[in-house]
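Peer 1: Next up, structure.cif (mmCIF, C-alpha atoms).
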data_data
#
loop_
_atom_site.label_atom_id
_atom_site.label_comp_id
_atom_site.auth_asym_id
_atom_site.auth_seq_id
_atom_site.Cartn_x
_atom_site.Cartn_y
_atom_site.Cartn_z
CA MET A 1 147.49 107.13 57.16
CA ASN A 2 144.79 105.84 59.44
CA GLY A 3 145.36 102.29 60.72
CA ASN A 4 141.77 101.20 61.18
CA ARG A 5 139.93 101.06 57.86
CA ASP A 6 136.45 100.08 59.05
CA ILE A 7 133.42 102.26 58.50
CA LEU A 8 130.34 102.19 60.71
CA LEU A 9 127.22 103.07 58.74
CA VAL A 10 124.24 104.01 60.92
CA GLU A 11 121.29 103.83 58.53
CA ASP A 12 117.76 102.49 58.95
CA ASN A 13 116.68 102.60 55.33
CA PRO A 14 117.56 99.27 53.59
CA ASP A 15 117.59 100.96 50.16
CA ASP A 16 120.13 103.49 51.37
CA VAL A 17 122.25 100.73 52.91
CA GLU A 18 122.29 98.88 49.58
CA LEU A 19 123.01 102.05 47.58
CA THR A 20 125.83 102.97 49.96
CA ARG A 21 127.35 99.50 49.56
CA ILE A 22 127.15 99.80 45.75
CA ALA A 23 128.57 103.33 45.90
CA PHE A 24 131.54 102.26 48.04
CA ALA A 25 132.17 99.33 45.66
CA GLU A 26 131.99 101.64 42.62
CA ALA A 27 134.29 104.13 44.33
CA GLY A 28 136.83 101.30 44.58
CA SER A 29 136.75 101.26 48.38
CA GLU A 30 138.15 98.22 50.16
CA HIS A 31 137.00 99.31 53.59
CA ARG A 32 134.82 97.02 55.63
CA LEU A 33 131.35 98.46 56.04
CA THR A 34 129.53 97.56 59.26
CA VAL A 35 125.86 98.51 59.22
CA VAL A 36 123.58 99.14 62.20
CA SER A 37 120.00 100.17 61.63
CA ASP A 38 119.09 102.41 64.56
CA GLY A 39 120.67 104.83 66.98
CA ALA A 40 120.41 102.54 69.98
CA GLU A 41 122.28 99.78 68.15
CA ALA A 42 124.93 102.26 67.00
CA LEU A 43 125.67 103.13 70.62
CA ASP A 44 125.59 99.45 71.62
CA PHE A 45 128.14 98.75 68.87
CA LEU A 46 130.45 101.62 69.78
CA PHE A 47 130.32 100.93 73.52
CA ALA A 48 130.39 97.10 73.09
CA ARG A 49 127.19 96.45 74.99
CA GLY A 50 123.76 94.88 74.33
CA ALA A 51 123.91 92.68 71.21
CA HIS A 52 127.55 93.76 70.72
CA VAL A 53 128.83 92.78 74.14
CA GLY A 54 132.19 91.03 73.78
CA ARG A 55 133.29 93.18 70.84
CA ALA A 56 136.64 94.78 71.58
CA SER A 57 135.44 98.25 72.59
CA ALA A 58 138.83 99.82 71.85
CA ASP A 59 138.43 98.66 68.24
CA LEU A 60 136.59 101.72 66.99
CA PRO A 61 135.80 102.38 63.33
CA ALA A 62 137.87 104.92 61.42
CA VAL A 63 134.75 106.92 60.73
CA VAL A 64 131.04 106.83 61.56
CA LEU A 65 128.59 107.70 58.78
CA LEU A 66 125.50 108.82 60.61
CA ASP A 67 121.98 109.35 59.31
CA LEU A 68 119.88 111.82 61.33
CA ASN A 69 116.38 110.41 61.12
CA LEU A 70 116.73 107.10 62.91
CA PRO A 71 114.27 104.98 64.90
CA LYS A 72 114.51 104.97 68.73
CA VAL A 73 117.59 107.13 69.35
CA ASN A 74 117.95 109.71 66.54
CA GLY A 75 121.21 110.81 64.92
CA ARG A 76 121.57 113.95 67.06
CA GLU A 77 121.27 111.90 70.23
CA VAL A 78 123.82 109.37 68.93
CA LEU A 79 126.23 112.21 68.22
CA GLN A 80 125.68 113.69 71.68
CA ALA A 81 126.37 110.31 73.31
CA ILE A 82 129.53 109.82 71.19
CA ARG A 83 130.86 113.24 72.20
CA ALA A 84 129.94 112.74 75.87
CA HIS A 85 131.97 109.53 76.26
CA HIS A 86 135.74 109.79 76.73
CA ALA A 87 136.47 106.73 74.56
CA THR A 88 134.61 108.12 71.54
CA ARG A 89 134.96 111.86 72.08
CA SER A 90 137.36 112.29 69.16
CA LEU A 91 135.86 109.64 66.85
CA PRO A 92 135.27 111.18 63.39
CA VAL A 93 131.56 111.42 62.68
CA VAL A 94 130.29 112.35 59.24
CA VAL A 95 126.59 113.14 59.15
CA LEU A 96 125.35 111.65 55.89
CA THR A 97 121.71 112.50 55.53
CA THR A 98 118.96 113.46 53.14
CA SER A 99 118.11 116.68 54.87
CA ALA A 100 119.73 119.93 53.81
CA GLU A 101 117.86 122.02 56.36
CA PRO A 102 120.08 124.81 57.75
CA PHE A 103 118.60 124.02 61.17
CA ASP A 104 119.99 120.45 60.98
CA VAL A 105 123.38 121.55 59.67
CA ASP A 106 123.89 124.11 62.46
CA ALA A 107 122.56 121.78 65.14
CA VAL A 108 124.83 118.85 64.31
CA TYR A 109 127.96 120.98 64.04
CA GLU A 110 127.13 122.38 67.46
CA LEU A 111 126.84 118.82 68.74
CA GLY A 112 130.32 118.06 67.42
CA ALA A 113 129.92 116.54 63.95
CA ASN A 114 133.13 116.60 61.91
CA SER A 115 131.36 116.92 58.60
CA TYR A 116 127.87 117.24 57.14
CA ILE A 117 127.08 115.78 53.75
CA GLN A 118 123.70 115.76 52.07
CA LYS A 119 123.03 112.54 50.18
CA PRO A 120 122.44 113.64 46.59
CA VAL A 121 119.39 112.20 44.82
CA GLU A 122 121.48 111.42 41.70
CA PHE A 123 123.41 108.21 42.22
CA GLU A 124 126.51 109.31 40.28
CA ARG A 125 126.90 112.28 42.60
CA PHE A 126 126.39 109.98 45.57
CA VAL A 127 129.22 107.71 44.37
CA ASP A 128 131.34 110.82 44.02
CA ALA A 129 130.53 111.91 47.58
CA VAL A 130 131.33 108.43 48.90
CA ARG A 131 134.63 108.39 47.00
CA GLN A 132 135.61 111.68 48.59
CA ILE A 133 134.54 110.53 52.05
CA GLY A 134 136.77 107.47 51.62
CA LEU A 135 139.67 109.51 50.29
CA TYR A 136 139.53 112.12 53.02
CA TRP A 137 138.41 110.29 56.16
CA LEU A 138 140.03 106.92 55.49
CA SER A 139 143.24 107.90 53.71
CA LEU A 140 144.28 111.48 54.36
CA ASN A 141 142.86 112.28 57.75
CA GLN A 142 144.93 111.68 60.88
CA VAL A 143 142.97 110.88 64.03
CA PRO A 144 144.14 111.02 67.64
CA GLY A 145 145.69 107.77 68.86
CA ASN A 146 146.82 106.77 65.33
CA PRO A 147 150.18 108.54 64.92
CA MET B 1 79.11 153.81 66.15
CA GLN B 2 78.19 150.19 65.78
CA PRO B 3 80.99 147.62 65.91
CA SER B 4 81.65 146.35 62.40
CA SER B 5 82.08 142.69 63.29
CA PRO B 6 81.36 140.22 66.11
CA GLY B 7 85.10 140.14 66.75
CA ALA B 8 85.16 143.87 67.41
CA THR B 9 82.25 143.49 69.88
CA GLU B 10 84.16 140.86 71.83
CA ALA B 11 87.33 142.93 71.82
CA GLY B 12 85.54 145.96 73.20
CA ALA B 13 83.46 144.05 75.76
CA SER B 14 86.08 143.41 78.40
CA ALA B 15 89.54 144.70 79.13
CA ALA B 16 90.50 141.34 80.67
CA ALA B 17 89.57 139.51 77.46
CA THR B 18 91.68 141.83 75.31
CA ASP B 19 94.68 141.33 77.60
CA ALA B 20 94.41 137.54 77.63
CA ALA B 21 93.46 136.94 74.00
CA PRO B 22 96.67 138.04 72.23
CA ASP B 23 98.79 135.88 74.54
CA HIS B 24 96.69 132.85 73.86
CA ALA B 25 96.71 133.55 70.11
CA ALA B 26 100.48 134.06 70.14
CA VAL B 27 101.04 130.75 71.92
CA GLU B 28 98.73 128.97 69.46
CA LEU B 29 100.52 130.58 66.52
CA GLN B 30 103.90 129.60 67.91
CA ALA B 31 102.73 126.00 68.29
CA VAL B 32 101.45 125.97 64.69
CA HIS B 33 104.79 127.38 63.46
CA ALA B 34 106.74 124.77 65.43
CA ARG B 35 104.55 122.00 63.99
CA LEU B 36 104.97 123.26 60.43
CA GLU B 37 108.73 123.62 60.91
CA ALA B 38 109.05 120.04 62.19
CA LEU B 39 106.89 118.87 59.31
CA ALA B 40 109.02 120.70 56.74
CA ARG B 41 112.19 119.16 58.17
CA GLY B 42 110.67 115.69 58.09
CA MET B 43 109.41 116.20 54.53
CA SER B 44 112.80 117.36 53.36
CA HIS B 45 114.27 114.09 54.62
CA ASP B 46 111.55 111.53 54.09
CA LEU B 47 110.30 112.57 50.66
CA ARG B 48 113.79 112.52 49.16
CA ALA B 49 114.62 109.02 50.42
CA PRO B 50 112.34 107.05 48.04
CA LEU B 51 113.35 109.34 45.17
CA ARG B 52 116.98 108.49 45.78
CA ALA B 53 116.17 104.77 45.80
CA ILE B 54 114.28 105.07 42.50
CA GLU B 55 117.08 107.06 40.87
CA GLY B 56 119.87 104.86 42.20
CA PHE B 57 118.36 101.45 41.42
CA ALA B 58 117.00 102.60 38.03
CA ARG B 59 120.56 103.55 37.11
CA GLN B 60 121.82 100.12 38.20
CA VAL B 61 119.18 98.31 36.12
CA ALA B 62 119.78 100.55 33.09
CA ARG B 63 123.48 99.79 33.25
CA ASP B 64 122.99 96.01 33.20
CA PRO B 65 119.37 94.87 32.70
CA ALA B 66 120.46 91.22 32.56
CA ALA B 67 122.29 91.30 35.90
CA PRO B 68 121.05 88.70 38.40
CA GLU B 69 120.04 91.44 40.87
CA ALA B 70 118.09 93.48 38.29
CA GLN B 71 114.68 91.98 39.18
CA ALA B 72 115.21 92.67 42.89
CA GLN B 73 116.26 96.22 42.06
CA LEU B 74 113.11 96.75 39.97
CA GLU B 75 111.09 95.53 42.95
CA ARG B 76 112.89 98.08 45.17
CA ILE B 77 111.95 100.81 42.67
CA ARG B 78 108.30 99.72 42.73
CA GLN B 79 108.22 99.68 46.53
CA ALA B 80 109.92 103.07 46.78
CA ALA B 81 107.29 104.55 44.45
CA ALA B 82 104.53 103.01 46.61
CA ARG B 83 106.11 104.45 49.76
CA MET B 84 106.30 107.87 48.15
CA GLY B 85 102.58 107.63 47.31
CA GLY B 86 101.78 106.63 50.90
CA LEU B 87 103.86 109.50 52.27
CA ILE B 88 102.09 112.05 50.10
CA ASP B 89 98.66 110.69 51.14
CA GLY B 90 99.65 110.76 54.82
CA LEU B 91 101.03 114.28 54.59
CA VAL B 92 97.94 115.63 52.86
CA GLU B 93 95.77 113.99 55.52
CA LEU B 94 97.87 115.34 58.40
CA MET B 95 97.92 118.87 57.00
CA ARG B 96 94.19 118.92 56.26
CA ILE B 97 92.96 117.78 59.69
CA ASP B 98 93.45 121.12 61.43
CA GLY B 99 91.55 123.05 58.78
CA LEU B 100 88.60 120.73 58.19
CA PRO B 101 85.23 122.06 59.37
CA LEU B 102 83.98 119.72 62.09
CA ARG B 103 80.72 117.87 61.51
CA PRO B 104 79.56 116.78 64.98
CA GLY B 105 77.16 113.88 65.36
CA PRO B 106 76.61 110.83 67.55
CA VAL B 107 79.39 108.27 66.95
CA ASP B 108 79.62 104.74 68.40
CA LEU B 109 83.38 104.14 68.53
CA GLY B 110 82.90 100.41 69.15
CA LEU B 111 80.94 99.96 65.93
CA LEU B 112 83.35 102.25 64.09
CA ALA B 113 86.33 100.19 65.33
CA GLU B 114 84.71 96.98 64.03
CA TRP B 115 84.04 98.63 60.68
CA VAL B 116 87.63 99.89 60.42
CA ALA B 117 89.01 96.47 61.44
CA ALA B 118 86.94 94.78 58.71
CA GLU B 119 88.26 97.26 56.12
CA LEU B 120 91.86 96.76 57.20
CA GLN B 121 91.38 93.00 57.09
CA ASP B 122 89.85 93.18 53.59
CA ALA B 123 92.72 95.28 52.30
CA GLN B 124 95.33 92.97 53.80
CA PRO B 125 94.31 89.62 55.34
CA GLU B 126 97.56 89.02 57.27
CA PRO B 127 98.01 89.13 60.20
CA PRO B 128 94.43 88.43 61.32
CA LEU B 129 92.99 91.19 63.52
CA GLN B 130 91.06 89.85 66.54
CA LEU B 131 89.07 92.72 67.98
CA GLU B 132 87.28 92.75 71.33
CA VAL B 133 85.03 95.77 71.73
CA GLN B 134 83.26 97.06 74.81
CA ASP B 135 79.68 98.43 74.50
CA GLY B 136 78.72 102.02 75.18
CA LEU B 137 81.64 103.89 73.61
CA GLY B 138 79.55 106.80 72.37
CA VAL B 139 80.75 110.35 71.79
CA THR B 140 79.52 113.40 69.90
CA GLY B 141 82.21 113.84 67.32
CA ASP B 142 83.16 114.02 63.66
CA GLU B 143 82.72 110.46 62.41
CA ARG B 144 85.01 110.92 59.42
CA LEU B 145 87.88 112.15 61.61
CA LEU B 146 87.28 109.58 64.36
CA LYS B 147 87.35 106.84 61.73
CA THR B 148 90.76 108.15 60.64
CA LEU B 149 91.96 108.04 64.26
CA LEU B 150 90.85 104.42 64.70
CA GLN B 151 92.37 103.45 61.33
CA GLN B 152 95.74 104.78 62.42
CA VAL B 153 95.70 103.24 65.91
CA LEU B 154 94.44 99.83 64.72
CA ARG B 155 96.84 99.81 61.77
CA ASN B 156 99.63 100.54 64.23
CA ALA B 157 98.54 97.66 66.51
CA ARG B 158 98.57 95.36 63.51
CA GLN B 159 101.92 96.54 62.19
CA PHE B 160 103.60 95.77 65.49
CA ALA B 161 101.61 92.66 66.42
CA GLY B 162 104.69 90.42 66.45
CA ASP B 163 104.08 86.74 65.66
CA GLY B 164 100.54 85.43 65.24
CA PRO B 165 97.26 87.33 65.12
CA ALA B 166 96.92 90.95 66.29
CA ARG B 167 94.72 90.85 69.41
CA VAL B 168 93.28 94.26 70.25
CA GLU B 169 90.84 95.36 72.96
CA VAL B 170 88.89 98.58 72.59
CA GLY B 171 87.24 99.88 75.77
CA GLY B 172 86.70 102.99 77.82
CA GLU B 173 84.46 104.96 80.11
CA ARG B 174 82.50 108.18 80.01
CA GLU B 175 83.02 110.98 82.51
CA GLY B 176 80.62 113.88 81.98
CA ASP B 177 81.18 115.20 78.46
CA THR B 178 84.37 113.17 78.02
CA LEU B 179 85.03 109.70 76.65
CA ARG B 180 88.24 108.06 77.82
CA LEU B 181 88.98 105.42 75.23
CA HIS B 182 91.72 102.83 75.38
CA VAL B 183 93.06 100.60 72.64
CA ARG B 184 95.21 97.81 74.03
CA ASP B 185 97.31 95.46 71.91
CA HIS B 186 99.55 92.52 72.74
CA GLY B 187 102.27 93.21 70.22
CA ILE B 188 105.97 94.02 70.43
CA GLY B 189 105.42 97.20 72.49
CA PHE B 190 108.17 99.81 72.80
CA ASP B 191 110.55 101.34 75.29
CA MET B 192 108.86 104.21 77.17
CA ALA B 193 112.18 106.11 77.04
CA HIS B 194 111.27 106.96 73.45
CA ALA B 195 107.55 107.64 74.07
CA GLY B 196 107.93 111.40 73.55
CA LYS B 197 108.59 110.85 69.85
CA LEU B 198 105.63 108.60 69.21
CA PHE B 199 103.20 111.27 68.03
CA GLN B 200 105.70 113.48 66.19
CA PRO B 201 105.52 113.29 62.39
CA PHE B 202 108.21 111.16 60.72
CA GLN B 203 109.49 109.80 64.04
CA ARG B 204 109.62 106.04 64.28
CA LEU B 205 110.38 103.79 67.20
CA HIS B 206 110.98 100.76 64.98
CA GLY B 207 112.96 100.13 61.83
CA ARG B 208 111.37 99.23 58.50
CA ASP B 209 112.43 95.60 59.03
CA GLU B 210 110.25 95.59 62.17
CA GLY B 211 107.22 96.79 60.22
CA ALA B 212 107.58 100.58 60.55
CA GLY B 213 105.40 102.70 58.30
CA ASP B 214 105.80 106.30 57.21
CA GLY B 215 105.87 107.73 60.74
CA LEU B 216 102.72 109.80 60.15
CA GLY B 217 99.89 107.55 61.43
CA LEU B 218 100.04 108.37 65.14
CA ALA B 219 100.66 112.07 64.42
CA ILE B 220 97.40 112.02 62.44
CA ALA B 221 95.59 110.24 65.32
CA GLN B 222 96.86 112.86 67.76
CA ARG B 223 95.59 115.78 65.66
CA VAL B 224 92.13 114.18 65.49
CA ALA B 225 92.05 113.78 69.30
CA VAL B 226 93.18 117.40 69.77
CA ARG B 227 90.42 118.61 67.45
CA HIS B 228 88.01 116.76 69.75
CA GLY B 229 89.25 118.77 72.73
CA GLY B 230 91.40 115.93 74.04
CA GLY B 231 94.63 114.14 73.32
CA ILE B 232 96.37 110.79 73.06
CA GLU B 233 99.01 109.08 75.17
CA ALA B 234 100.59 105.65 75.10
CA GLU B 235 102.07 103.28 77.61
CA ALA B 236 104.01 100.18 76.73
CA ARG B 237 106.79 97.79 77.56
CA PRO B 238 109.09 96.13 75.03
CA GLY B 239 107.62 92.71 74.22
CA ASP B 240 104.50 93.31 76.27
CA GLY B 241 102.12 95.25 74.04
CA ALA B 242 101.03 98.87 74.04
CA THR B 243 97.96 100.73 75.26
CA PHE B 244 96.81 103.97 73.66
CA HIS B 245 94.70 106.23 75.85
CA VAL B 246 92.55 108.62 73.85
CA VAL B 247 90.56 111.45 75.47
CA LEU B 248 87.67 112.82 73.41
CA ARG B 249 85.25 115.56 74.47
CA ASP B 250 81.74 115.79 73.04
CA LEU B 251 81.75 118.39 70.28
CA GLN B 252 79.11 121.12 70.55
#
As structure tokens, what does this structure read like?
Peer 2:
Amino acid sequence: MNGNRDILLVEDNPDDVELTRIAFAEAGSEHRLTVVSDGAEALDFLFARGAHVGRASADLPAVVLLDLNLPKVNGREVLQAIRAHHATRSLPVVVLTTSAEPFDVDAVYELGANSYIQKPVEFERFVDAVRQIGLYWLSLNQVPGNP
Amino acid sequence: MQPSSPGATEAGASAAATDAAPDHAAVELQAVHARLEALARGMSHDLRAPLRAIEGFARQVARDPAAPEAQAQLERIRQAAARMGGLIDGLVELMRIDGLPLRPGPVDLGLLAEWVAAELQDAQPEPPLQLEVQDGLGVTGDERLLKTLLQQVLRNARQFAGDGPARVEVGGEREGDTLRLHVRDHGIGFDMAHAGKLFQPFQRLHGRDEGAGDGLGLAIAQRVAVRHGGGIEAEARPGDGATFHVVLRDLQ
């Protein structure tokens, strides 16, 4: 079981943030959801800099849920930066996005995404997807450094 | 035998022209394909987002119409529907620009900017738009398209005005058959590190909480400038406003 139960949600759309919160609540998740609204802030959070200076940088979330179409630094660039840094190289990143374009799927796996999930339009299916994300990434999955 | 079309005459006229033309056409075609591909990817993402909000919040309200958050959720549904409408309008506009037949005529961009500013102000009084316009900003162009360009650039200046009124200066100079126009605002600006994305459809440098729109406005402005033989660039600093430089050539 994974020790850290926090989730970092990188999402700029306030409706999607709210729906994700509701979906996690409905899925019975007790994980703490931290939300940042653009790619630059996501990197500031993970690397404890900018507005997040002083945060314990070793205290990484159990999983990052990453949208692709973000203001400033987009999701692909966030993923690249996460994989390029030794402290976050093995951090689980689930791309959770609206796009189902094969181009996006291939590109983000090449950049080192652990999983790619298209947000379904139907809310019930979204709750289902969130439940499975929680079950797999926050309960079953073992990550390096958490024996 | 007589050539059957003007195109055939041109093709037969010079060996150099026939060598150069396919390359140029292939490059153009590739650029069009790349633009359409980027547009399709953006559409796939951005058109589904409001649909998901409508579906998700409608389901919440249906489940418990008397819940304290139901009114706020209905408002989210209404706003998502409005965003969807705006996206469709913007997309149709962006996709039509390249195919529209140009109607060249004398256009005073200063007067046009004042007209556009008045329309924007009528449609939405806040924040006030304080426009300072230089004289002599004439060009031979398509007034309808140039109005669209100014609408997008001025709307952008207003969206990211920060606190207080949106102060915008419109000026420029003529060089031969070219008008170099600039539109300077004193708003929140942006980091030049992200400037490459500014004119790409569906790319935003600010979040919705900072006033971001559908990410199509500046892409539309760029296509209008390109159809006038020019282009558009921006320079800015965070917190220190932005200047858009637009190059327009007189249409024949």
Peer 1: Take the PyMOL selection byres ((chain B and resi 139-142) around 10), apply it to the structure above, and return the hits as a count of residues only.
Peer 2: 30
Peer 1: Using all atoms listed in the file, find each residue in chain A having at least one atom no more than 8 Å away from chain B; report its shortest atom-to-atom pair and that distance in Å (one decimal), rows by chain then rising number, as a Markdown table.
Peer 2:
| residue | atom | partner | partner_atom | distance |
| --- | --- | --- | --- | --- |
| A:Asp12 | CA | B:Gly207 | CA | 6.1 |
| A:Asn13 | CA | B:Arg208 | CA | 7.0 |
| A:Pro14 | CA | B:Arg208 | CA | 7.9 |
| A:Asp15 | CA | B:Ala53 | CA | 6.0 |
| A:Asp16 | CA | B:Ala53 | CA | 7.0 |
| A:Leu19 | CA | B:Gly56 | CA | 6.8 |
| A:Ser37 | CA | B:Gly207 | CA | 7.0 |
| A:Asp38 | CA | B:Gly207 | CA | 7.1 |
| A:Asn69 | CA | B:Gln203 | CA | 7.5 |
| A:Leu70 | CA | B:Arg204 | CA | 7.3 |
| A:Pro71 | CA | B:Leu205 | CA | 4.7 |
| A:Lys72 | CA | B:Leu205 | CA | 4.6 |
| A:Val73 | CA | B:His194 | CA | 7.5 |
| A:Thr97 | CA | B:His45 | CA | 7.7 |
| A:Thr98 | CA | B:His45 | CA | 5.0 |
| A:Ser99 | CA | B:His45 | CA | 4.6 |
| A:Ala100 | CA | B:Ser44 | CA | 7.4 |
| A:Glu101 | CA | B:Arg41 | CA | 6.6 |
| A:Pro120 | CA | B:Arg52 | CA | 7.5 |
| A:Val121 | CA | B:Arg52 | CA | 4.5 |
| A:Glu122 | CA | B:Glu55 | CA | 6.2 |
| A:Phe123 | CA | B:Gly56 | CA | 4.9 |
Peer 1: Just give me the residues with any atom within 7 Å of (134.6, 107.6, 61.0), file coordinates, counting only C-alpha atoms, written as a ChimeraX atom specification.
Peer 2: /A:7-8,61-65,91-94,137
Peer 1: To one decimal place in Å, what is the distance between atom CA of Ala166 of chain B and atom CA of Leu131 of chain B?
Peer 2: 8.2 Å
Peer 1: Go ahead and fit an axis-aligned box to every listed atom of segment 149-163 of chain B plus 3 Å each side, and pass me the centre and edge lengths in Å, one decimal, as JSON.
Peer 2:
{"center_x": 97.8, "center_y": 97.4, "center_z": 63.9, "size_x": 19.8, "size_y": 27.3, "size_z": 11.2}
Peer 1: Evaluate the PyMOL selection byres ((chain A and resi 81) around 12) and record the selected residues as a list in words, following the chain and residue labels used in the document.
Peer 2: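 Applying the expression gives Gly39, Ala40, Ala42, Leu43, Asp44, Leu46, Phe47, Val73, Asn74, Gly75, Arg76, Glu77, Val78, Leu79, Gln80, Ile82, Arg83, Ala84, His85, His86, Ala87, Thr88, Arg89, Ser90, Leu91, Val93, Leu111, Gly112 and Ala113 of chain A.
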Peer 1: Write out as a count of residues only each polymer residue whose atoms come within 9 Å of Arg131 of chain A, counting only C-alpha atoms; drop sequence neighbours fewer than 4 positions from it.
Peer 2: 10
Peer 1: Could you work out how far atom CA of His52 of chain A lies from atom CA of Thr20 of chain A, giving the answer in Å with one decimal?
Peer 2: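 Computing the Euclidean distance for atom CA of Thr20 of chain A and atom CA of His52 of chain A yields 22.8 Å.
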Peer 1: Between atom CA of His186 of chain B and atom CA of Ala118 of chain B, what is the distance, to one decimal in Å?
Peer 2: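 Distance reported for this atom pair: 19.0 Å.
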Peer 1: Mind checking which residues fall within 8 Å of Ile188 of chain B, counting only C-alpha atoms, ignoring those fewer than 4 positions away in the same chain, and posting them as number ranges by chain?
Peer 2: B: 160-162, 238-242
Peer 1: Under the PyMOL selection byres ((chain A and resi 139) around 10), which residues of this model are included? Write them out as a list of chain:residue names.
Peer 2: A:Met1, A:Asn2, A:Gly3, A:Arg5, A:Ala62, A:Gln132, A:Ile133, A:Gly134, A:Leu135, A:Tyr136, A:Trp137, A:Leu138, A:Leu140, A:Asn141, A:Gln142
Peer 1: Taking (103.0, 108.8, 59.7) in the file's own coordinates, collect the residues within 9 Å, counting only C-alpha atoms, and hand them back as a PDB file with C-alpha atoms, keeping the file's coordinate frame.
Peer 2:
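Wrote it out as out.pdb, contents follow:
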ATOM      1  CA  LEU B  87     103.860 109.500  52.270  1.00  0.00           C
ATOM      2  CA  GLY B  90      99.650 110.760  54.820  1.00  0.00           C
ATOM      3  CA  LEU B  91     101.030 114.280  54.590  1.00  0.00           C
ATOM      4  CA  LEU B  94      97.870 115.340  58.400  1.00  0.00           C
ATOM      5  CA  GLN B 152      95.740 104.780  62.420  1.00  0.00           C
ATOM      6  CA  PHE B 199     103.200 111.270  68.030  1.00  0.00           C
ATOM      7  CA  GLN B 200     105.700 113.480  66.190  1.00  0.00           C
ATOM      8  CA  PRO B 201     105.520 113.290  62.390  1.00  0.00           C
ATOM      9  CA  PHE B 202     108.210 111.160  60.720  1.00  0.00           C
ATOM     10  CA  GLN B 203     109.490 109.800  64.040  1.00  0.00           C
ATOM     11  CA  ARG B 204     109.620 106.040  64.280  1.00  0.00           C
ATOM     12  CA  GLY B 213     105.400 102.700  58.300  1.00  0.00           C
ATOM     13  CA  ASP B 214     105.800 106.300  57.210  1.00  0.00           C
ATOM     14  CA  GLY B 215     105.870 107.730  60.740  1.00  0.00           C
ATOM     15  CA  LEU B 216     102.720 109.800  60.150  1.00  0.00           C
ATOM     16  CA  GLY B 217      99.890 107.550  61.430  1.00  0.00           C
ATOM     17  CA  LEU B 218     100.040 108.370  65.140  1.00  0.00           C
ATOM     18  CA  ALA B 219     100.660 112.070  64.420  1.00  0.00           C
ATOM     19  CA  ILE B 220      97.400 112.020  62.440  1.00  0.00           C
TER      20      ILE B 220
END
Peer 1: Closest to Leu150 of chain B among B:Val92, B:Val246, B:Ala26, B:Ala34, using all atoms listed in the file?
Peer 2: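 Selected residue with least distance to Leu150 of chain B: B:Val246.
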Peer 1: Out of A:Asp6, A:Asp59, A:Ala107, A:Ile22, which residue has the shortest atom-to-atom distance to Val130 of chain A when counting all atoms listed in the file?
Peer 2: A:Ile22
